[in-house]
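K.L.:
File name input.cif; file contents mmCIF, C-alpha atoms; full text below.
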```
data_structure
#
loop_
_atom_site.label_atom_id
_atom_site.label_comp_id
_atom_site.auth_asym_id
_atom_site.auth_seq_id
_atom_site.Cartn_x
_atom_site.Cartn_y
_atom_site.Cartn_z
CA MET Y 1295 103.82 125.62 88.96
CA LEU Y 1296 106.55 126.29 91.53
CA ASP Y 1297 109.99 127.28 90.28
CA ARG Y 1298 112.78 124.84 91.05
CA ARG Y 1299 114.21 126.65 94.08
CA THR Y 1300 110.79 127.23 95.67
CA PHE Y 1301 109.80 123.61 95.06
CA LEU Y 1302 112.94 122.29 96.73
CA ALA Y 1303 112.45 124.69 99.61
CA THR Y 1304 108.97 123.26 100.25
CA LEU Y 1305 110.57 119.83 100.49
CA GLY Y 1306 113.14 121.04 102.97
CA LEU Y 1307 115.92 120.53 100.42
CA ALA Y 1308 116.78 124.11 99.53
CA GLY Y 1309 120.12 123.84 101.26
CA ALA Y 1310 121.16 121.26 98.70
CA LEU Y 1311 120.98 123.83 95.92
CA SER Y 1312 124.57 124.38 94.94
CA ALA Y 1313 126.52 124.09 91.69
CA GLN Y 1314 125.75 120.67 90.16
CA THR Y 1315 125.01 118.87 93.43
CA THR Y 1316 121.23 119.26 93.29
CA ARG Y 1317 119.25 116.46 91.75
CA ARG Y 1318 115.58 115.75 91.60
CA PRO Y 1319 114.28 112.64 93.33
CA ASN Y 1320 114.23 109.35 91.49
CA VAL Y 1321 110.78 107.86 91.02
CA LEU Y 1322 109.90 104.18 91.35
CA VAL Y 1323 106.42 102.72 90.79
CA PHE Y 1324 106.00 99.09 91.76
CA LEU Y 1325 102.77 97.59 90.40
CA SER Y 1326 101.25 94.27 91.36
CA ASP Y 1327 98.39 92.78 89.35
CA GLN Y 1328 94.91 92.10 90.75
CA GLU Y 1329 95.82 92.75 94.40
CA SER Y 1330 93.06 93.70 96.82
CA GLU Y 1331 93.64 95.83 99.88
CA ARG Y 1332 90.93 93.73 101.56
CA VAL Y 1333 93.25 91.04 102.87
CA PRO Y 1334 94.13 90.31 106.53
CA ARG Y 1335 97.61 91.74 106.77
CA GLU Y 1336 98.30 89.89 110.01
CA LEU Y 1337 98.21 86.62 108.02
CA LEU Y 1338 100.68 87.74 105.36
CA ARG Y 1339 104.45 87.99 105.47
CA LEU Y 1340 105.27 91.20 103.60
CA PRO Y 1341 108.59 92.41 105.00
CA ASN Y 1342 109.40 94.54 101.96
CA ARG Y 1343 106.01 96.26 101.83
CA GLU Y 1344 106.47 96.97 105.52
CA ARG Y 1345 109.83 98.57 104.75
CA LEU Y 1346 107.90 101.12 102.69
CA GLU Y 1347 105.09 101.53 105.18
CA ARG Y 1348 107.57 102.36 107.93
CA ARG Y 1349 108.91 105.15 105.71
CA GLY Y 1350 105.78 106.63 104.16
CA VAL Y 1351 101.99 106.67 103.98
CA ARG Y 1352 99.67 103.70 103.57
CA PHE Y 1353 96.30 104.63 102.06
CA THR Y 1354 93.59 102.23 103.19
CA ARG Y 1355 90.82 103.66 101.00
CA ALA Y 1356 92.44 103.80 97.57
CA TRP Y 1357 90.17 102.83 94.68
CA CYS Y 1358 90.99 101.67 91.19
CA ALA Y 1359 89.39 103.62 88.34
CA THR Y 1360 88.00 100.37 86.93
CA PRO Y 1361 88.40 96.66 87.79
CA GLN Y 1362 90.00 95.66 84.49
CA CYS Y 1363 93.71 95.45 83.69
CA SER Y 1364 94.14 97.60 80.57
CA PRO Y 1365 91.82 100.49 81.45
CA ALA Y 1366 93.12 100.62 85.03
CA ARG Y 1367 96.69 100.84 83.72
CA GLY Y 1368 95.67 103.52 81.26
CA ALA Y 1369 94.21 105.48 84.17
CA LEU Y 1370 97.31 104.95 86.31
CA TRP Y 1371 99.80 106.08 83.70
CA THR Y 1372 97.81 109.09 82.45
CA GLY Y 1373 95.87 110.25 85.52
CA ARG Y 1374 92.72 110.23 83.36
CA TRP Y 1375 89.48 108.27 83.58
CA PRO Y 1376 89.16 105.35 81.16
CA HIS Y 1377 86.41 107.04 79.18
CA ARG Y 1378 88.88 109.90 78.59
CA THR Y 1379 91.80 107.68 77.49
CA GLY Y 1380 89.66 105.49 75.21
CA VAL Y 1381 91.05 102.40 76.96
CA VAL Y 1382 87.72 101.43 78.48
CA ALA Y 1383 88.30 97.66 78.62
CA ASN Y 1384 91.06 95.12 78.16
CA ILE Y 1385 92.79 95.35 74.80
CA GLY Y 1386 90.76 93.36 72.30
CA ALA Y 1387 87.54 93.55 74.33
CA GLU Y 1388 84.28 95.14 73.24
CA GLY Y 1389 84.71 98.89 72.78
CA ALA Y 1390 88.37 99.05 73.84
CA SER Y 1391 91.19 100.93 72.14
CA PRO Y 1392 94.95 100.80 72.78
CA LEU Y 1393 96.48 103.68 74.68
CA ASP Y 1394 97.28 106.55 72.34
CA PRO Y 1395 100.93 107.62 72.80
CA LYS Y 1396 99.85 111.19 72.08
CA ILE Y 1397 98.15 111.29 75.50
CA PRO Y 1398 100.73 112.43 78.09
CA SER Y 1399 101.58 109.43 80.25
CA ILE Y 1400 104.14 108.66 82.92
CA GLY Y 1401 106.94 107.72 80.51
CA SER Y 1402 106.63 110.68 78.18
CA VAL Y 1403 105.95 113.15 80.99
CA PHE Y 1404 109.11 112.21 82.91
CA ARG Y 1405 111.23 111.73 79.78
CA ASN Y 1406 110.29 115.22 78.58
CA ALA Y 1407 111.32 116.55 82.01
CA GLY Y 1408 114.83 115.16 81.56
CA TYR Y 1409 114.50 111.87 83.43
CA GLU Y 1410 115.86 108.55 82.23
CA THR Y 1411 112.87 106.25 82.00
CA GLY Y 1412 112.40 102.50 82.19
CA TYR Y 1413 109.43 100.15 82.07
CA PHE Y 1414 109.75 96.52 83.16
CA GLY Y 1415 107.06 93.85 83.05
CA LYS Y 1416 103.41 93.64 82.03
CA TRP Y 1417 102.24 96.43 79.73
CA HIS Y 1418 98.80 95.41 78.35
CA LEU Y 1419 98.07 98.73 76.65
CA SER Y 1420 98.96 98.02 73.02
CA GLU Y 1421 97.83 95.52 70.42
CA GLY Y 1422 100.29 92.72 69.74
CA ARG Y 1423 103.79 92.38 71.13
CA ASN Y 1424 105.47 95.22 69.24
CA VAL Y 1425 105.20 98.13 71.64
CA ASP Y 1426 106.61 101.43 70.39
CA ALA Y 1427 108.28 102.14 73.73
CA LYS Y 1428 109.96 105.33 72.50
CA ALA Y 1429 106.58 106.78 71.55
CA PHE Y 1430 105.48 106.29 75.16
CA GLY Y 1431 108.65 107.92 76.46
CA TYR Y 1432 110.69 104.91 77.63
CA ASP Y 1433 114.46 104.71 77.19
CA ALA Y 1434 114.39 101.10 78.38
CA PHE Y 1435 111.42 98.74 77.95
CA ARG Y 1436 111.34 95.04 78.78
CA GLU Y 1437 108.20 92.99 79.23
CA ARG Y 1438 110.26 89.95 80.24
CA GLY Y 1439 113.53 89.36 82.04
CA ASP Y 1440 116.27 86.86 81.31
CA SER Y 1441 114.74 84.37 83.76
CA PRO Y 1442 111.06 83.37 83.77
CA GLY Y 1443 108.26 85.20 85.46
CA ASP Y 1444 108.28 88.10 87.88
CA ALA Y 1445 111.71 87.20 89.21
CA GLY Y 1446 113.22 87.95 85.79
CA VAL Y 1447 111.36 91.26 85.56
CA ALA Y 1448 112.50 92.34 89.01
CA ALA Y 1449 116.11 91.37 88.25
CA ALA Y 1450 116.09 93.31 84.98
CA ALA Y 1451 114.68 96.38 86.69
CA ALA Y 1452 117.20 96.14 89.52
CA GLN Y 1453 120.09 95.90 87.07
CA TRP Y 1454 118.89 98.97 85.18
CA ILE Y 1455 118.36 100.98 88.36
CA GLU Y 1456 121.82 100.15 89.71
CA ALA Y 1457 123.42 101.50 86.51
CA ARG Y 1458 121.68 104.87 86.57
CA GLU Y 1459 123.61 108.04 87.40
CA ARG Y 1460 121.17 110.86 86.66
CA PRO Y 1461 117.56 111.08 87.90
CA TRP Y 1462 115.40 108.24 86.66
CA MET Y 1463 111.80 107.04 86.69
CA ALA Y 1464 111.07 103.32 86.59
CA VAL Y 1465 107.89 101.26 86.49
CA VAL Y 1466 108.13 97.63 87.64
CA SER Y 1467 104.94 95.80 86.70
CA LEU Y 1468 104.50 92.23 87.98
CA ILE Y 1469 101.98 89.50 87.16
CA GLN Y 1470 101.23 88.33 90.69
CA PRO Y 1471 98.79 87.80 92.32
CA HIS Y 1472 96.93 87.60 88.98
CA ASP Y 1473 97.70 83.87 88.78
CA VAL Y 1474 94.87 83.27 91.24
CA TYR Y 1475 93.12 82.36 87.98
CA ASP Y 1476 95.04 79.07 88.25
CA PHE Y 1477 93.30 78.12 91.49
CA PRO Y 1478 90.36 76.11 90.02
CA ARG Y 1479 92.78 74.01 87.98
CA ALA Y 1480 95.12 73.51 90.94
CA ARG Y 1481 92.19 72.53 93.14
CA ALA Y 1482 90.90 70.01 90.57
CA GLU Y 1483 94.37 68.48 90.21
CA ALA Y 1484 94.70 68.16 93.98
CA GLU Y 1485 91.33 66.44 94.21
CA ALA Y 1486 92.34 64.05 91.42
CA ARG Y 1487 95.26 63.06 93.63
CA ASP Y 1488 92.83 62.66 96.54
CA GLU Y 1489 94.43 65.64 98.27
CA GLN Y 1490 93.19 68.92 99.66
CA MET Y 1491 94.88 72.24 99.03
CA PRO Y 1492 96.19 73.85 102.23
CA VAL Y 1493 94.41 76.54 104.21
CA ARG Y 1494 96.57 79.11 105.93
CA PRO Y 1495 95.69 79.21 109.66
CA GLY Y 1496 93.30 82.05 110.41
CA THR Y 1497 92.18 82.54 106.80
CA PRO Y 1498 88.61 83.89 106.92
CA ALA Y 1499 85.81 82.59 104.75
CA PRO Y 1500 83.82 85.23 102.82
CA ALA Y 1501 81.36 87.07 105.04
CA SER Y 1502 78.86 87.13 102.17
CA GLY Y 1503 77.67 84.13 100.18
CA ALA Y 1504 76.55 83.32 96.66
CA GLU Y 1505 72.92 83.62 97.74
CA ASP Y 1506 73.42 87.40 97.91
CA LEU Y 1507 73.22 87.58 94.11
CA ALA Y 1508 69.48 86.90 94.10
CA GLU Y 1509 68.76 90.62 94.44
CA ARG Y 1510 71.75 91.93 92.51
CA PRO Y 1511 71.94 93.20 88.92
CA GLU Y 1512 71.66 90.39 86.39
CA PRO Y 1513 75.22 90.72 84.96
CA GLN Y 1514 76.63 89.40 88.24
CA ARG Y 1515 74.58 86.22 88.05
CA ALA Y 1516 75.42 85.84 84.37
CA TYR Y 1517 79.13 86.19 85.15
CA ARG Y 1518 78.96 83.41 87.72
CA GLU Y 1519 76.75 81.07 85.73
CA GLN Y 1520 77.91 81.69 82.15
CA ASP Y 1521 81.42 83.16 82.32
CA GLN Y 1522 84.53 82.89 84.48
CA GLY Y 1523 82.53 82.23 87.62
CA GLN Y 1524 81.42 78.81 86.40
CA PRO Y 1525 84.36 76.82 87.86
CA VAL Y 1526 83.57 78.06 91.38
CA ILE Y 1527 79.86 77.21 91.39
CA GLY Y 1528 79.28 75.01 94.41
CA TYR Y 1529 82.36 76.18 96.33
CA ASP Y 1530 81.80 76.03 100.08
CA SER Y 1531 83.46 78.18 102.74
CA LYS Y 1532 86.45 75.81 102.94
CA ASP Y 1533 87.02 76.10 99.19
CA TRP Y 1534 87.04 79.88 99.46
CA GLN Y 1535 89.53 79.69 102.32
CA ARG Y 1536 91.77 77.61 100.05
CA TYR Y 1537 91.27 80.15 97.24
CA ARG Y 1538 92.28 82.94 99.57
CA SER Y 1539 95.29 81.04 100.91
CA PHE Y 1540 96.46 80.46 97.33
CA TYR Y 1541 96.02 84.18 96.70
CA TYR Y 1542 97.97 85.14 99.82
CA ASP Y 1543 100.91 83.03 98.62
CA LEU Y 1544 100.96 84.98 95.36
CA ILE Y 1545 100.93 88.33 97.17
CA GLU Y 1546 103.92 87.17 99.19
CA ASP Y 1547 105.66 86.20 95.96
CA ALA Y 1548 105.19 89.76 94.70
CA ASP Y 1549 106.67 91.04 97.95
CA ARG Y 1550 109.84 88.97 97.48
CA ASN Y 1551 110.36 90.61 94.09
CA LEU Y 1552 109.67 94.02 95.59
CA GLY Y 1553 112.61 93.31 97.89
CA VAL Y 1554 114.91 92.68 94.92
CA VAL Y 1555 114.05 96.07 93.46
CA LEU Y 1556 114.28 97.95 96.76
CA ASP Y 1557 117.68 96.41 97.47
CA SER Y 1558 118.95 97.77 94.14
CA LEU Y 1559 118.39 101.31 95.43
CA GLY Y 1560 121.03 101.03 98.13
CA ASP Y 1561 121.45 104.33 99.96
CA ARG Y 1562 119.39 106.07 97.25
CA VAL Y 1563 116.22 104.71 98.83
CA SER Y 1564 115.84 107.88 100.90
CA ASP Y 1565 116.20 110.03 97.76
CA THR Y 1566 113.55 108.18 95.77
CA VAL Y 1567 109.80 108.71 95.56
CA ILE Y 1568 108.40 105.18 95.78
CA ALA Y 1569 104.84 104.01 95.10
CA TYR Y 1570 103.49 100.51 95.66
CA THR Y 1571 100.05 99.85 94.22
CA SER Y 1572 97.99 97.52 92.00
CA ASP Y 1573 95.79 97.89 88.95
CA HIS Y 1574 92.65 96.48 90.64
CA GLY Y 1575 91.59 93.94 93.24
CA ASP Y 1576 89.97 90.48 93.22
CA GLY Y 1577 86.53 89.22 94.18
CA LEU Y 1578 88.00 86.87 96.82
CA GLY Y 1579 84.79 84.84 96.91
CA ALA Y 1580 82.69 87.64 98.35
CA HIS Y 1581 79.13 87.02 97.14
CA GLY Y 1582 80.44 83.82 95.56
CA LEU Y 1583 82.44 85.77 92.94
CA PRO Y 1584 86.05 85.10 91.91
CA PHE Y 1585 88.55 87.18 89.96
CA LYS Y 1586 87.02 90.32 88.37
CA GLY Y 1587 84.05 91.15 86.19
CA PRO Y 1588 80.85 93.23 86.19
CA PHE Y 1589 80.69 93.61 89.97
CA PHE Y 1590 81.95 96.43 92.14
CA TYR Y 1591 82.37 95.30 95.72
CA GLU Y 1592 85.16 96.70 97.85
CA GLU Y 1593 87.26 93.55 97.39
CA VAL Y 1594 87.73 94.35 93.71
CA LEU Y 1595 87.81 98.18 93.90
CA ASN Y 1596 89.94 98.78 97.01
CA ILE Y 1597 93.63 98.50 96.07
CA PRO Y 1598 96.86 98.89 98.03
CA LEU Y 1599 98.67 102.21 97.82
CA VAL Y 1600 101.83 103.10 99.73
CA LEU Y 1601 103.86 106.23 99.01
CA THR Y 1602 107.23 107.34 100.36
CA TRP Y 1603 108.95 110.61 99.49
CA PRO Y 1604 112.26 112.18 100.46
CA ALA Y 1605 110.94 115.18 102.40
CA HIS Y 1606 109.06 113.05 104.94
CA TYR Y 1607 111.09 109.87 104.73
CA GLY Y 1608 110.42 107.74 107.80
CA GLN Y 1609 107.03 109.18 108.83
CA ALA Y 1610 104.94 105.94 108.89
CA LEU Y 1611 101.41 107.32 108.49
CA VAL Y 1612 98.13 105.54 107.74
CA SER Y 1613 95.48 107.53 105.88
CA ASP Y 1614 91.80 106.73 105.42
CA GLU Y 1615 91.31 109.55 102.91
CA LEU Y 1616 89.34 108.72 99.76
CA VAL Y 1617 91.88 108.48 96.94
CA SER Y 1618 91.94 107.12 93.39
CA GLN Y 1619 94.58 105.65 91.16
CA VAL Y 1620 94.09 108.64 88.83
CA ASP Y 1621 95.73 110.66 91.64
CA LEU Y 1622 99.02 108.78 91.42
CA LEU Y 1623 100.60 110.48 88.39
CA PRO Y 1624 99.68 114.02 89.55
CA THR Y 1625 101.21 113.18 92.93
CA LEU Y 1626 104.45 111.82 91.48
CA CYS Y 1627 104.77 114.82 89.21
CA GLU Y 1628 104.32 117.33 92.01
CA LEU Y 1629 106.83 115.56 94.25
CA ALA Y 1630 109.37 115.49 91.42
CA GLY Y 1631 108.72 119.03 90.19
CA VAL Y 1632 107.48 117.80 86.81
CA GLU Y 1633 104.74 119.52 84.84
CA LEU Y 1634 101.56 117.62 83.99
CA GLU Y 1635 98.60 118.78 81.94
CA GLY Y 1636 95.17 117.30 81.36
CA ALA Y 1637 94.96 114.90 84.30
CA ASP Y 1638 91.69 114.23 86.09
CA GLY Y 1639 93.32 113.23 89.37
CA ALA Y 1640 94.76 115.50 92.04
CA SER Y 1641 98.00 115.44 93.99
CA LEU Y 1642 97.88 113.58 97.29
CA ARG Y 1643 100.62 115.71 98.79
CA PRO Y 1644 98.39 117.15 101.57
CA ALA Y 1645 97.63 113.62 102.76
CA LEU Y 1646 101.34 112.77 102.63
CA GLU Y 1647 101.83 115.61 105.08
CA GLY Y 1648 99.07 114.32 107.34
CA LYS Y 1649 96.54 116.93 106.22
CA PRO Y 1650 92.96 116.24 105.04
CA LEU Y 1651 92.27 116.21 101.32
CA GLY Y 1652 88.73 117.45 101.77
CA ARG Y 1653 87.48 114.89 99.25
CA GLU Y 1654 83.94 113.65 99.77
CA GLU Y 1655 83.60 111.11 96.97
CA MET Y 1656 85.36 108.64 94.69
CA PHE Y 1657 84.34 107.30 91.30
CA ALA Y 1658 84.93 104.20 89.22
CA GLU Y 1659 83.63 102.89 85.91
CA TYR Y 1660 83.36 99.70 83.88
CA HIS Y 1661 82.70 98.85 80.27
CA SER Y 1662 83.12 95.25 79.17
CA LYS Y 1663 84.72 91.88 79.68
CA GLN Y 1664 85.95 90.45 76.39
CA ARG Y 1665 82.90 90.73 74.06
CA TRP Y 1666 80.42 91.00 76.89
CA ALA Y 1667 79.59 94.67 77.54
CA ASN Y 1668 77.93 95.67 80.83
CA PRO Y 1669 78.88 99.33 81.28
CA ALA Y 1670 78.48 100.80 84.75
CA ARG Y 1671 79.39 103.83 86.83
CA ILE Y 1672 80.14 103.74 90.55
CA VAL Y 1673 80.42 106.39 93.27
CA ARG Y 1674 81.15 106.16 96.98
CA THR Y 1675 81.37 108.55 99.87
CA LYS Y 1676 82.86 107.57 103.21
CA ARG Y 1677 79.54 105.96 104.14
CA TRP Y 1678 77.54 105.22 100.99
CA LYS Y 1679 78.17 103.49 97.69
CA LEU Y 1680 76.05 103.32 94.54
CA ALA Y 1681 76.65 101.31 91.36
CA GLU Y 1682 74.55 102.11 88.30
CA TYR Y 1683 74.51 99.62 85.42
CA LEU Y 1684 73.89 101.69 82.30
CA ARG Y 1685 71.77 98.96 80.71
CA GLY Y 1686 69.71 98.28 83.80
CA GLY Y 1687 70.35 97.48 87.45
CA ARG Y 1688 71.41 99.42 90.50
CA GLU Y 1689 73.03 98.80 93.89
CA LEU Y 1690 73.12 100.99 97.00
CA TYR Y 1691 74.98 100.12 100.20
CA ASP Y 1692 75.37 101.73 103.60
CA LEU Y 1693 79.02 100.83 104.23
CA ASP Y 1694 78.88 101.89 107.88
CA LYS Y 1695 76.06 99.53 108.78
CA ASP Y 1696 76.76 96.93 106.10
CA PRO Y 1697 80.52 96.81 105.34
CA ASN Y 1698 80.16 93.44 103.57
CA GLU Y 1699 77.56 94.86 101.17
CA ARG Y 1700 74.92 92.25 101.94
CA GLU Y 1701 71.74 94.36 101.70
CA ASN Y 1702 71.03 96.17 98.45
CA LEU Y 1703 69.07 99.29 99.41
CA ALA Y 1704 68.43 100.53 95.86
CA GLY Y 1705 64.82 101.32 95.10
CA LYS Y 1706 63.80 101.70 98.75
CA GLY Y 1707 63.27 105.44 98.62
CA LEU Y 1708 66.37 106.50 100.54
CA PRO Y 1709 67.43 110.10 99.83
CA GLU Y 1710 71.05 108.98 99.46
CA GLU Y 1711 70.15 107.14 96.26
CA LYS Y 1712 69.07 110.30 94.45
CA GLU Y 1713 71.95 112.28 95.95
CA LEU Y 1714 74.55 109.77 94.72
CA LEU Y 1715 72.98 109.65 91.26
CA GLY Y 1716 73.34 113.40 91.21
CA ARG Y 1717 77.03 113.05 92.01
CA LEU Y 1718 77.44 110.63 89.11
CA ASP Y 1719 75.60 113.08 86.87
CA GLU Y 1720 77.91 115.94 87.84
CA HIS Y 1721 81.02 113.77 87.45
CA ALA Y 1722 79.87 112.79 83.96
CA ARG Y 1723 79.35 116.44 83.00
CA ARG Y 1724 82.72 117.44 84.41
CA THR Y 1725 84.61 114.68 82.57
CA THR Y 1726 82.50 114.54 79.39
CA ASP Y 1727 81.31 110.99 79.95
CA VAL Y 1728 79.12 110.56 76.87
CA ALA Y 1729 78.11 106.99 77.77
CA TRP Y 1730 76.40 108.20 80.93
CA PHE Y 1731 74.16 110.59 79.04
CA GLU Y 1732 73.42 108.07 76.29
CA ARG Y 1733 72.35 105.53 78.88
CA THR Y 1734 68.70 104.53 79.04
CA GLU Y 1735 66.89 101.98 81.11
CA LYS Y 1736 63.36 101.50 79.81
CA GLY Y 1737 63.15 105.21 79.12
CA ARG Y 1738 63.99 106.18 82.71
CA PRO Y 1739 65.87 109.49 83.02
CA VAL Y 1740 69.34 109.53 84.56
CA ASN Y 1741 68.09 110.51 87.99
CA GLY Y 1742 64.95 108.37 87.86
#
```
Once you've parsed the file, please lay out its structure as structure tokens.
P.N.:
Amino acid sequence: MLDRRTFLATLGLAGALSAQTTRRPNVLVFLSDQESERVPRELLRLPNRERLERRGVRFTRAWCATPQCSPARGALWTGRWPHRTGVVANIGAEGASPLDPKIPSIGSVFRNAGYETGYFGKWHLSEGRNVDAKAFGYDAFRERGDSPGDAGVAAAAAQWIEARERPWMAVVSLIQPHDVYDFPRARAEAEARDEQMPVRPGTPAPASGAEDLAERPEPQRAYREQDQGQPVIGYDSKDWQRYRSFYYDLIEDADRNLGVVLDSLGDRVSDTVIAYTSDHGDGLGAHGLPFKGPFFYEEVLNIPLVLTWPAHYGQALVSDELVSQVDLLPTLCELAGVELEGADGASLRPALEGKPLGREEMFAEYHSKQRWANPARIVRTKRWKLAEYLRGGRELYDLDKDPNERENLAGKGLPEEKELLGRLDEHARRTTDVAWFERTEKGRPVNG
């Protein structure tokens, strides 16, 4: 760990070290809910996101640790894989546990380092409504604002930020675009009025259709036919364009609230480490699948991630490095000079400086949806992706030749299949993933 003077020198701020004038950067994490990176940016109006992108680094290949709200948030705030936090599924679902406040997480880590800390908006990591915010390290904690919805959350966060005088860390956690779950109801109501929901000009239909599930692991078909996919059975390409247009509107709503929070920074914006990201993505109708569930296509795994930091404020870089949401907390801690122990992720600082990370793989995992457990482990390199369902089923895709993941190559004797299973095996050993080693599929060994 660098001492304070050396750390500031590496940021080009050593000259600011004098008397009481030196202060560490503020830290702001702005979190949307269920936002995929796989959206056509040219169709969206995101002026506030673009404010950040002009000042920092946009990561185009960031992955969530799992496509479920609670475990993804547990991974974000601790830098640890869900199977290491115990939050393996949404609170109340099969096998899930609330986040243990004894695990170092973003609030306690920054509070212990002398920061004022605030959390505003959706939490989803504790049972019930009575969150022991102090145990998680938050001086201020509000799941709702004075006015309804995300606007109230953003206003409450902005008010708190404006009143701060010493270094602070704030999380602003919105609901949108999670309300895409309302689309089937909104569509049915429009049809009852003999109306059609609008389609934003240029909105693409999914490049893959529901017929793709014929050769996919059974949990995907069960999700569509027996679970939350039921309302979309029979949707045609126009319906999915309407779904996506509805979703785009919600992303733009999140951006308006991002603007409220950014405006509260005033001239401190250049002295603040800022991260914009999401917990996980959305199916977007690819393969006929909405929302999120036991499927692991890029639409649901690839999330937005933008980072700005004082040393390189105004650099406007785009990175295609493989990064994970478990990397966020280690990155924020390094940029702020805060100690962190026990994280699985790594700092993205080299990529922020335009240097390669040297990472060859990313991982993700899944456990259950409500009481329906379909545990899986997923790995991707820059070209290949493999998903292994621990109770049976496997997918393998060549993302260079098949970016829409149409042709499942599992079981066709490709050497990449065994090689990727080996990577999953090593990852499980390194992170003590007991479920991987307990997994059996008709007696087949892990690398069978």
K.L.:
How many Å separate atom CA of Phe1435 of chain Y from atom CA of Ile1545 of chain Y?
P.N.:
24.2 Å
K.L.:
Name the residues captured by the PyMOL selection byres ((chain Y and resi 1323) around 6) when it is applied to the shown file; answer as a list in words.
P.N.:
Leu1322, Phe1324, Val1465, Ile1568 and Ala1569 of chain Y
K.L.:
Find the residues around segment 1620-1635 of chain Y up to 9 Å (only C-alpha atoms counted), leave out those fewer than 2 positions away in its own chain, and share them as a PDB file with C-alpha atoms, in the frame of the given file.
P.N.:
```
ATOM      1  CA  MET Y1295     103.820 125.620  88.960  1.00  0.00           C
ATOM      2  CA  LEU Y1296     106.550 126.290  91.530  1.00  0.00           C
ATOM      3  CA  ASP Y1297     109.990 127.280  90.280  1.00  0.00           C
ATOM      4  CA  ARG Y1298     112.780 124.840  91.050  1.00  0.00           C
ATOM      5  CA  PHE Y1301     109.800 123.610  95.060  1.00  0.00           C
ATOM      6  CA  LEU Y1302     112.940 122.290  96.730  1.00  0.00           C
ATOM      7  CA  LEU Y1305     110.570 119.830 100.490  1.00  0.00           C
ATOM      8  CA  ARG Y1318     115.580 115.750  91.600  1.00  0.00           C
ATOM      9  CA  PRO Y1319     114.280 112.640  93.330  1.00  0.00           C
ATOM     10  CA  ASN Y1320     114.230 109.350  91.490  1.00  0.00           C
ATOM     11  CA  VAL Y1321     110.780 107.860  91.020  1.00  0.00           C
ATOM     12  CA  CYS Y1358      90.990 101.670  91.190  1.00  0.00           C
ATOM     13  CA  ALA Y1359      89.390 103.620  88.340  1.00  0.00           C
ATOM     14  CA  ALA Y1366      93.120 100.620  85.030  1.00  0.00           C
ATOM     15  CA  ALA Y1369      94.210 105.480  84.170  1.00  0.00           C
ATOM     16  CA  LEU Y1370      97.310 104.950  86.310  1.00  0.00           C
ATOM     17  CA  TRP Y1371      99.800 106.080  83.700  1.00  0.00           C
ATOM     18  CA  THR Y1372      97.810 109.090  82.450  1.00  0.00           C
ATOM     19  CA  GLY Y1373      95.870 110.250  85.520  1.00  0.00           C
ATOM     20  CA  ARG Y1374      92.720 110.230  83.360  1.00  0.00           C
ATOM     21  CA  TRP Y1375      89.480 108.270  83.580  1.00  0.00           C
ATOM     22  CA  PRO Y1398     100.730 112.430  78.090  1.00  0.00           C
ATOM     23  CA  SER Y1399     101.580 109.430  80.250  1.00  0.00           C
ATOM     24  CA  ILE Y1400     104.140 108.660  82.920  1.00  0.00           C
ATOM     25  CA  VAL Y1403     105.950 113.150  80.990  1.00  0.00           C
ATOM     26  CA  PHE Y1404     109.110 112.210  82.910  1.00  0.00           C
ATOM     27  CA  ALA Y1407     111.320 116.550  82.010  1.00  0.00           C
ATOM     28  CA  VAL Y1567     109.800 108.710  95.560  1.00  0.00           C
ATOM     29  CA  ILE Y1568     108.400 105.180  95.780  1.00  0.00           C
ATOM     30  CA  ALA Y1569     104.840 104.010  95.100  1.00  0.00           C
ATOM     31  CA  TRP Y1603     108.950 110.610  99.490  1.00  0.00           C
ATOM     32  CA  PRO Y1604     112.260 112.180 100.460  1.00  0.00           C
ATOM     33  CA  VAL Y1617      91.880 108.480  96.940  1.00  0.00           C
ATOM     34  CA  SER Y1618      91.940 107.120  93.390  1.00  0.00           C
ATOM     35  CA  ALA Y1637      94.960 114.900  84.300  1.00  0.00           C
ATOM     36  CA  ASP Y1638      91.690 114.230  86.090  1.00  0.00           C
ATOM     37  CA  GLY Y1639      93.320 113.230  89.370  1.00  0.00           C
ATOM     38  CA  ALA Y1640      94.760 115.500  92.040  1.00  0.00           C
ATOM     39  CA  SER Y1641      98.000 115.440  93.990  1.00  0.00           C
ATOM     40  CA  LEU Y1642      97.880 113.580  97.290  1.00  0.00           C
ATOM     41  CA  ARG Y1643     100.620 115.710  98.790  1.00  0.00           C
TER      42      ARG Y1643
END
```
K.L.:
Residue by residue, what does the PyMOL selection byres ((chain Y and resi 1675) around 10) grab here? Present the result as a PyMOL selection string.
P.N.:
chain Y and resi 1616+1653-1657+1673-1674+1676-1680+1692-1693+1714
K.L.:
Would you pick out the contacts of segment 1467-1474 of chain Y at 9 Å or less, using only C-alpha atoms, so that residues sharing its chain but fewer than 4 positions from it are not included, and give the list as a VMD selection string?
P.N.:
chain Y and resid 1323 to 1329 1413 to 1417 1437 1443 to 1445 1447 to 1448 1478 1537 to 1538 1540 to 1548 1551 1572 1576 1585
K.L.:
Tell me which of Y:Asp1488, Y:Asp1727, Y:Glu1456, Y:Asp1394 sits closest to Asp1557 of chain Y, counting all atoms listed in the file.
P.N.:
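The answer is Y:Glu1456, which sits nearest to Asp1557 of chain Y.
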K.L.:
Tell me which protein, DNA and RNA residues are within 9 Å of Ile1397 of chain Y, counting all atoms listed in the file, leaving out same-chain ones fewer than 5 positions away, and put them as a ChimeraX atom specification.
P.N.:
/Y:1372,1379,1402,1430,1636
K.L.:
Hey, can you spit out that residue selection with C-alpha atoms as an mmCIF file, keeping the file's coordinate frame?
P.N.:
```cif
data_model
loop_
_atom_site.group_PDB
_atom_site.id
_atom_site.type_symbol
_atom_site.label_atom_id
_atom_site.label_comp_id
_atom_site.auth_asym_id
_atom_site.auth_seq_id
_atom_site.Cartn_x
_atom_site.Cartn_y
_atom_site.Cartn_z
ATOM 1 C CA THR Y 1372 97.810 109.090 82.450
ATOM 2 C CA THR Y 1379 91.800 107.680 77.490
ATOM 3 C CA SER Y 1402 106.630 110.680 78.180
ATOM 4 C CA PHE Y 1430 105.480 106.290 75.160
ATOM 5 C CA GLY Y 1636 95.170 117.300 81.360
#
```
